[in-house]
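Source file: coords_35.cif; contents: mmCIF, C-alpha atoms.
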data_final
loop_
_atom_site.group_PDB
_atom_site.id
_atom_site.type_symbol
_atom_site.label_atom_id
_atom_site.label_comp_id
_atom_site.auth_asym_id
_atom_site.auth_seq_id
_atom_site.Cartn_x
_atom_site.Cartn_y
_atom_site.Cartn_z
ATOM 1 C CA MET K 3 -19.740 18.039 -38.902
ATOM 2 C CA ILE K 4 -21.697 15.552 -36.725
ATOM 3 C CA LYS K 5 -20.413 11.985 -37.122
ATOM 4 C CA LYS K 6 -22.689 8.964 -37.191
ATOM 5 C CA GLU K 7 -21.307 6.147 -35.035
ATOM 6 C CA THR K 8 -22.243 2.515 -34.595
ATOM 7 C CA ARG K 9 -22.029 0.007 -31.747
ATOM 8 C CA LEU K 10 -22.673 -3.732 -31.433
ATOM 9 C CA ALA K 11 -24.893 -5.570 -28.971
ATOM 10 C CA GLU K 12 -26.509 -8.963 -28.514
ATOM 11 C CA VAL K 13 -29.749 -9.897 -30.259
ATOM 12 C CA GLU K 14 -32.135 -12.604 -29.050
ATOM 13 C CA LEU K 15 -34.940 -14.514 -30.724
ATOM 14 C CA ARG K 16 -38.327 -15.184 -29.198
ATOM 15 C CA GLU K 17 -41.312 -17.080 -30.555
ATOM 16 C CA GLU K 18 -44.773 -15.854 -29.554
ATOM 17 C CA ASP K 19 -47.854 -17.471 -31.098
ATOM 18 C CA GLU K 20 -45.917 -18.242 -34.284
ATOM 19 C CA LYS K 21 -44.894 -14.578 -34.618
ATOM 20 C CA MET K 22 -41.315 -13.699 -35.578
ATOM 21 C CA ILE K 23 -39.921 -11.669 -32.668
ATOM 22 C CA LEU K 24 -36.383 -10.335 -32.233
ATOM 23 C CA GLU K 25 -35.494 -8.950 -28.825
ATOM 24 C CA GLY K 26 -32.475 -7.677 -26.906
ATOM 25 C CA TYR K 27 -30.699 -4.657 -25.484
ATOM 26 C CA ALA K 28 -29.074 -2.334 -28.003
ATOM 27 C CA ILE K 29 -27.586 -0.016 -25.356
ATOM 28 C CA LEU K 30 -26.427 -0.876 -21.847
ATOM 29 C CA TYR K 31 -26.073 2.069 -19.487
ATOM 30 C CA ASN K 32 -23.000 2.679 -17.317
ATOM 31 C CA GLU K 33 -21.131 -0.224 -18.891
ATOM 32 C CA GLU K 34 -17.555 0.668 -19.780
ATOM 33 C CA THR K 35 -16.403 -0.567 -23.176
ATOM 34 C CA LEU K 36 -13.001 -0.333 -24.819
ATOM 35 C CA ILE K 37 -13.328 1.355 -28.209
ATOM 36 C CA GLY K 38 -10.326 0.540 -30.389
ATOM 37 C CA THR K 39 -7.228 -0.686 -28.512
ATOM 38 C CA ARG K 40 -5.479 0.256 -25.264
ATOM 39 C CA GLU K 41 -2.756 1.975 -27.305
ATOM 40 C CA TYR K 42 -5.054 3.682 -29.780
ATOM 41 C CA GLY K 43 -8.508 4.099 -28.307
ATOM 42 C CA PHE K 44 -10.590 5.019 -25.286
ATOM 43 C CA ILE K 45 -13.059 3.611 -22.781
ATOM 44 C CA GLU K 46 -16.663 4.579 -23.388
ATOM 45 C CA SER K 47 -19.865 4.482 -21.340
ATOM 46 C CA ILE K 48 -23.375 5.799 -21.887
ATOM 47 C CA ASP K 49 -25.252 7.775 -19.249
ATOM 48 C CA PRO K 50 -28.757 6.541 -18.286
ATOM 49 C CA ASN K 51 -30.131 9.967 -19.258
ATOM 50 C CA ALA K 52 -28.451 10.038 -22.674
ATOM 51 C CA LEU K 53 -31.577 9.068 -24.603
ATOM 52 C CA SER K 54 -34.598 11.305 -25.030
ATOM 53 C CA GLU K 55 -37.924 10.551 -26.716
ATOM 54 C CA ASP K 56 -36.975 12.848 -29.607
ATOM 55 C CA ALA K 57 -33.825 10.802 -30.254
ATOM 56 C CA ILE K 58 -35.773 7.569 -30.792
ATOM 57 C CA LYS K 59 -39.083 8.766 -32.246
ATOM 58 C CA ASP K 60 -38.569 7.327 -35.750
ATOM 59 C CA VAL K 61 -36.037 4.496 -35.895
ATOM 60 C CA PRO K 62 -35.873 1.690 -38.480
ATOM 61 C CA MET K 63 -34.359 -1.759 -38.024
ATOM 62 C CA LYS K 64 -32.059 -2.616 -40.907
ATOM 63 C CA TYR K 65 -29.695 -5.336 -42.048
ATOM 64 C CA ASN K 66 -26.042 -4.263 -41.871
ATOM 65 C CA HIS K 67 -27.141 -0.575 -41.903
ATOM 66 C CA MET K 68 -27.892 -1.016 -45.613
ATOM 67 C CA ASP K 69 -30.218 1.540 -47.191
ATOM 68 C CA SER K 70 -30.602 -0.741 -50.230
ATOM 69 C CA PHE K 71 -32.032 -3.558 -48.085
ATOM 70 C CA LEU K 72 -35.738 -3.449 -47.258
ATOM 71 C CA ILE K 73 -36.470 -2.165 -43.737
ATOM 72 C CA ILE K 74 -37.107 -5.052 -41.329
ATOM 73 C CA ALA K 75 -39.208 -3.132 -38.772
ATOM 74 C CA ARG K 76 -39.834 0.465 -37.703
ATOM 75 C CA THR K 77 -40.977 2.422 -34.677
ATOM 76 C CA LYS K 78 -43.251 4.544 -36.863
ATOM 77 C CA ASN K 79 -45.641 1.654 -37.561
ATOM 78 C CA LYS K 80 -44.959 0.085 -34.130
ATOM 79 C CA SER K 81 -43.446 -3.093 -35.544
ATOM 80 C CA LEU K 82 -40.294 -1.981 -33.692
ATOM 81 C CA GLU K 83 -40.500 -1.042 -30.012
ATOM 82 C CA LEU K 84 -37.695 0.784 -28.203
ATOM 83 C CA THR K 85 -38.097 1.083 -24.447
ATOM 84 C CA THR K 86 -35.706 2.301 -21.776
ATOM 85 C CA ASP K 87 -35.317 0.865 -18.302
ATOM 86 C CA GLU K 88 -32.636 0.884 -15.599
ATOM 87 C CA LYS K 89 -30.523 -1.504 -17.690
ATOM 88 C CA GLY K 90 -30.570 0.255 -21.041
ATOM 89 C CA LEU K 91 -32.427 0.511 -24.341
ATOM 90 C CA LYS K 92 -34.476 -2.591 -25.058
ATOM 91 C CA VAL K 93 -35.306 -3.555 -28.620
ATOM 92 C CA ARG K 94 -38.316 -5.663 -29.600
ATOM 93 C CA ALA K 95 -39.160 -6.199 -33.268
ATOM 94 C CA GLU K 96 -42.097 -8.093 -34.700
ATOM 95 C CA LEU K 97 -41.080 -9.056 -38.207
ATOM 96 C CA LEU K 98 -43.611 -8.885 -41.018
ATOM 97 C CA ASP K 99 -44.314 -12.055 -42.961
ATOM 98 C CA THR K 100 -42.012 -11.359 -45.898
ATOM 99 C CA GLN K 101 -39.465 -13.685 -47.460
ATOM 100 C CA HIS K 102 -36.380 -11.698 -46.489
ATOM 101 C CA ASN K 103 -37.685 -11.312 -42.916
ATOM 102 C CA LYS K 104 -38.204 -15.070 -42.758
ATOM 103 C CA ASP K 105 -34.615 -15.547 -43.949
ATOM 104 C CA ILE K 106 -33.277 -13.191 -41.278
ATOM 105 C CA TYR K 107 -35.382 -14.831 -38.582
ATOM 106 C CA LYS K 108 -34.167 -18.296 -39.570
ATOM 107 C CA MET K 109 -30.534 -17.127 -39.589
ATOM 108 C CA VAL K 110 -30.925 -15.636 -36.097
ATOM 109 C CA LYS K 111 -32.626 -18.830 -34.931
ATOM 110 C CA SER K 112 -29.781 -20.957 -36.289
ATOM 111 C CA GLY K 113 -27.116 -18.697 -34.759
ATOM 112 C CA LEU K 114 -25.730 -17.404 -38.067
ATOM 113 C CA LEU K 115 -26.797 -13.883 -37.087
ATOM 114 C CA GLU K 116 -26.373 -12.993 -33.417
ATOM 115 C CA LYS K 117 -25.252 -9.374 -33.220
ATOM 116 C CA MET K 118 -27.055 -6.056 -33.334
ATOM 117 C CA SER K 119 -25.468 -2.725 -34.166
ATOM 118 C CA PHE K 120 -26.884 0.749 -33.667
ATOM 119 C CA ALA K 121 -26.007 3.970 -35.462
ATOM 120 C CA PHE K 122 -26.120 7.268 -33.593
ATOM 121 C CA THR K 123 -24.768 10.798 -33.314
ATOM 122 C CA VAL K 124 -23.519 12.421 -30.115
ATOM 123 C CA LYS K 125 -24.879 15.715 -28.805
ATOM 124 C CA GLU K 126 -23.049 15.979 -25.488
ATOM 125 C CA GLN K 127 -20.099 14.097 -24.033
ATOM 126 C CA GLU K 128 -17.554 14.273 -21.233
ATOM 127 C CA TRP K 129 -13.871 13.329 -21.417
ATOM 128 C CA ASP K 130 -11.616 12.190 -18.574
ATOM 129 C CA HIS K 131 -7.884 12.161 -19.366
ATOM 130 C CA GLU K 132 -6.627 11.401 -15.873
ATOM 131 C CA GLY K 133 -6.062 7.654 -16.315
ATOM 132 C CA GLU K 134 -3.823 5.609 -18.595
ATOM 133 C CA ILE K 135 -6.641 5.319 -21.153
ATOM 134 C CA PRO K 136 -8.940 8.309 -21.857
ATOM 135 C CA LYS K 137 -12.559 7.855 -20.860
ATOM 136 C CA ARG K 138 -15.510 9.150 -22.848
ATOM 137 C CA ARG K 139 -18.976 9.353 -21.300
ATOM 138 C CA ILE K 140 -21.852 10.051 -23.669
ATOM 139 C CA THR K 141 -24.352 12.197 -21.796
ATOM 140 C CA LYS K 142 -26.686 13.035 -24.698
ATOM 141 C CA ILE K 143 -27.383 11.112 -27.893
ATOM 142 C CA ASP K 144 -28.594 13.513 -30.545
ATOM 143 C CA ARG K 145 -30.278 10.913 -32.731
ATOM 144 C CA LEU K 146 -30.537 7.150 -33.036
ATOM 145 C CA TYR K 147 -30.483 6.525 -36.793
ATOM 146 C CA ASP K 148 -31.126 2.806 -36.831
ATOM 147 C CA VAL K 149 -30.669 -0.528 -35.118
ATOM 148 C CA SER K 150 -29.337 -3.241 -37.406
ATOM 149 C CA ILE K 151 -28.888 -6.983 -37.521
ATOM 150 C CA VAL K 152 -25.273 -7.543 -38.624
ATOM 151 C CA ASP K 153 -23.445 -10.621 -39.842
ATOM 152 C CA ILE K 154 -19.732 -9.785 -39.570
ATOM 153 C CA PRO K 155 -18.725 -7.235 -36.916
ATOM 154 C CA ALA K 156 -15.602 -5.226 -37.675
ATOM 155 C CA TYR K 157 -14.093 -6.006 -34.261
ATOM 156 C CA ASP K 158 -14.389 -8.783 -31.670
ATOM 157 C CA ASN K 159 -17.029 -9.020 -28.944
ATOM 158 C CA THR K 160 -14.943 -7.387 -26.225
ATOM 159 C CA SER K 161 -14.635 -4.097 -28.071
ATOM 160 C CA ILE K 162 -18.161 -4.061 -29.599
ATOM 161 C CA TYR K 163 -16.833 -1.601 -32.155
ATOM 162 C CA ALA K 164 -18.130 -1.109 -35.677
ATOM 163 C CA ARG K 165 -16.666 2.061 -37.084
ATOM 164 C CA SER K 166 -14.150 2.641 -39.841
ATOM 165 C CA LEU K 167 -10.514 3.485 -39.058
ATOM 166 C CA GLU K 168 -11.098 6.855 -40.753
ATOM 167 C CA SER K 169 -13.938 7.601 -38.325
ATOM 168 C CA MET K 170 -11.785 6.432 -35.408
ATOM 169 C CA ASP K 171 -8.946 8.733 -36.447
ATOM 170 C CA LEU K 172 -11.329 11.688 -36.709
ATOM 171 C CA GLU K 173 -12.755 10.957 -33.257
ATOM 172 C CA LEU K 174 -9.299 10.728 -31.673
ATOM 173 C CA LYS K 175 -8.415 14.084 -33.218
ATOM 174 C CA THR K 176 -11.600 15.490 -31.695
ATOM 175 C CA MET K 177 -10.595 13.988 -28.350
ATOM 176 C CA GLU K 178 -7.164 15.669 -28.543
ATOM 177 C CA LEU K 179 -8.826 18.981 -29.398
ATOM 178 C CA GLU K 180 -11.100 18.651 -26.338
ATOM 179 C CA LYS K 181 -8.050 17.905 -24.157
ATOM 180 C CA ARG K 182 -6.229 20.944 -25.556
ATOM 181 C CA LYS K 183 -9.191 23.167 -24.716
ATOM 182 C CA ILE K 184 -9.215 21.834 -21.139
ATOM 183 C CA ASP K 185 -5.444 22.405 -20.797
ATOM 184 C CA GLU K 186 -5.774 25.951 -22.150
ATOM 185 C CA ALA K 187 -8.621 26.708 -19.729
ATOM 186 C CA LEU K 188 -6.534 25.452 -16.787
ATOM 187 C CA LEU K 189 -3.587 27.536 -17.943
ATOM 188 C CA ARG K 190 -5.769 30.663 -18.128
ATOM 189 C CA LYS K 191 -7.028 29.998 -14.587
ATOM 190 C CA ARG K 192 -3.449 29.704 -13.318
ATOM 191 C CA ILE K 193 -2.480 32.960 -15.033
ATOM 192 C CA ASP K 194 -5.521 34.744 -13.609
ATOM 193 C CA LEU K 195 -4.677 33.417 -10.137
ATOM 194 C CA LYS K 196 -1.079 34.680 -10.401
ATOM 195 C CA ILE K 197 -2.320 38.097 -11.514
ATOM 196 C CA LYS K 198 -4.720 38.276 -8.567
ATOM 197 C CA ILE K 199 -2.011 37.217 -6.122
ATOM 198 C CA GLY K 200 0.406 39.710 -7.634
ATOM 199 C CA GLY K 201 -2.217 42.440 -7.399
ATOM 200 C CA THR K 202 -2.832 41.639 -3.731
ATOM 201 C CA LYS K 203 0.882 41.900 -2.926
ATOM 202 C CA ALA K 204 1.111 45.249 -4.736
#
Could you show the structure in this file as C-alpha cells?
Amino acid sequence: MIKKETRLAEVELREEDEKMILEGYAILYNEETLIGTREYGFIESIDPNALSEDAIKDVPMKYNHMDSFLIIARTKNKSLELTTDEKGLKVRAELLDTQHNKDIYKMVKSGLLEKMSFAFTVKEQEWDHEGEIPKRRITKIDRLYDVSIVDIPAYDNTSIYARSLESMDLELKTMELEKRKIDEALLRKRIDLKIKIGGTKA
C-alpha cells in the first residue's frame, strides 16, 4: 500500500496591491534532513528531478491537511501556483477574500502561523546503508496531495517531520526490507562468483 507522507517548510507572507499572498518553498532539493532521531530514523533528501508535471497538476492548499476545512487555494483555478527552480518547489497562493482566508492571512502576518507542510507519496527512492545513519533519497514523487498551513508541527524545526509514529514504524520496516533485498542480492552474486571460479578450476 502506498503511504502518504508529510513534511514541513517555511511559509512567507507578501502584500501586493492589497492582495493576500502567501509564498515560500515547500520542497528544497538536495538538502539533507534528519527524519525521526539519530537512533530511530534516517537522513532524507529529495532529488531535483523528483517532481513531474503530473505529480503537481491538481494540488489544493489546506489548513492542517484537514478535509473538513474549506480549501484555501488550488492549482486548478490558478489561485495556487507551484513552480520548480534550481532551489526547489516554490509555492505562491493568492487567497480569496473570504473570512477564514482573512483569518489565516492575519495569523501568518502576526507570526502565529509560520510553517507549511506538504503531503506526498513516493514512487521511487534509493537507500544508502553504508553510514551510521541510513540515507534515503527520493528520486520520484508519485503525487503531491496538498500543501498546508499548519499551526503545531509534530516535531521541531530541525527535523521538519510531521508523520505519525505508526507511519514512521511502517517506513522503517520498509527500509529494513529494502536492506534485506540488497543483502540477498549481494549474497547471490558472491555465490555465483564462487560457482564460476569453481567451474574454471574444474
Determine the residue membership of the PyMOL selection byres ((chain K and resi 33) around 10) for the file above and supply it as a PyMOL selection string.
chain K and resi 29-32+34-35+45-49+89-90
Would you save the residues from that selection as a PDB file, in the coordinates of the input, using C-alpha atoms?
ATOM      1  CA  ILE K  29     -27.586  -0.016 -25.356  1.00  0.00           C
ATOM      2  CA  LEU K  30     -26.427  -0.876 -21.847  1.00  0.00           C
ATOM      3  CA  TYR K  31     -26.073   2.069 -19.487  1.00  0.00           C
ATOM      4  CA  ASN K  32     -23.000   2.679 -17.317  1.00  0.00           C
ATOM      5  CA  GLU K  34     -17.555   0.668 -19.780  1.00  0.00           C
ATOM      6  CA  THR K  35     -16.403  -0.567 -23.176  1.00  0.00           C
ATOM      7  CA  ILE K  45     -13.059   3.611 -22.781  1.00  0.00           C
ATOM      8  CA  GLU K  46     -16.663   4.579 -23.388  1.00  0.00           C
ATOM      9  CA  SER K  47     -19.865   4.482 -21.340  1.00  0.00           C
ATOM     10  CA  ILE K  48     -23.375   5.799 -21.887  1.00  0.00           C
ATOM     11  CA  ASP K  49     -25.252   7.775 -19.249  1.00  0.00           C
ATOM     12  CA  LYS K  89     -30.523  -1.504 -17.690  1.00  0.00           C
ATOM     13  CA  GLY K  90     -30.570   0.255 -21.041  1.00  0.00           C
TER      14      GLY K  90
END
On this structure, which residues satisfy the PyMOL selection byres ((chain K and resi 148) around 7), written as a ChimeraX atom specification?
/K:61-64,120-121,146-147,149-150
So that I can see what lies close to range 66-82 of chain K, please list as a PyMOL selection string the residues with an atom at most 10 Å from it, counting only C-alpha atoms and leaving out residues fewer than 6 positions away in the same chain.
chain K and resi 8+23-25+58-60+93-98+100+102-103+106+118-121+147-155
Interatomic distance (Å, one decimal) between CA of Lys125 in chain K and CA of Thr141 in chain K:
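About the pair CA of Lys125 in chain K and CA of Thr141 in chain K: they are 7.9 Å apart.
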Please evaluate the PyMOL selection byres ((chain K and resi 57) around 7) against the structure above and give the resulting residues as a PyMOL selection string.
chain K and resi 53-56+58-59+143-146
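Between CA of Tyr65 in chain K and CA of Lys108 in chain K there is a distance of 13.9 Å.
Between CA of Leu91 in chain K and CA of Ala28 in chain K the interatomic distance comes to 5.7 Å.
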Excluding range 181-187 of chain K and its own-chain neighbours fewer than 2 positions away, which residues fall within 12 Å of it when counting all atoms listed in the file? Please give them as an NGL selection string.
:K and (128-132 or 136-138 or 174-179 or 189-194)
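Residue nearest Lys142 in chain K, chosen from K:Asn51, K:Asp105, K:Thr39, K:Gly26 and counting only C-alpha atoms: K:Asn51.
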Taking all listed atoms of range 93-99 of chain K, build the axis-aligned box, pad each of the six sides by 3 Å, then write its centre and edge lengths in Å to one decimal as lines of an AutoDock Vina configuration file.
center_x = -39.8
center_y = -7.8
center_z = -35.8
size_x = 15.0
size_y = 14.5
size_z = 20.3
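Closest approach to Gly43 in chain K among K:Ile135, K:Leu188, K:Leu84, K:Leu195 is made by K:Ile135 (distances from all atoms listed in the file).
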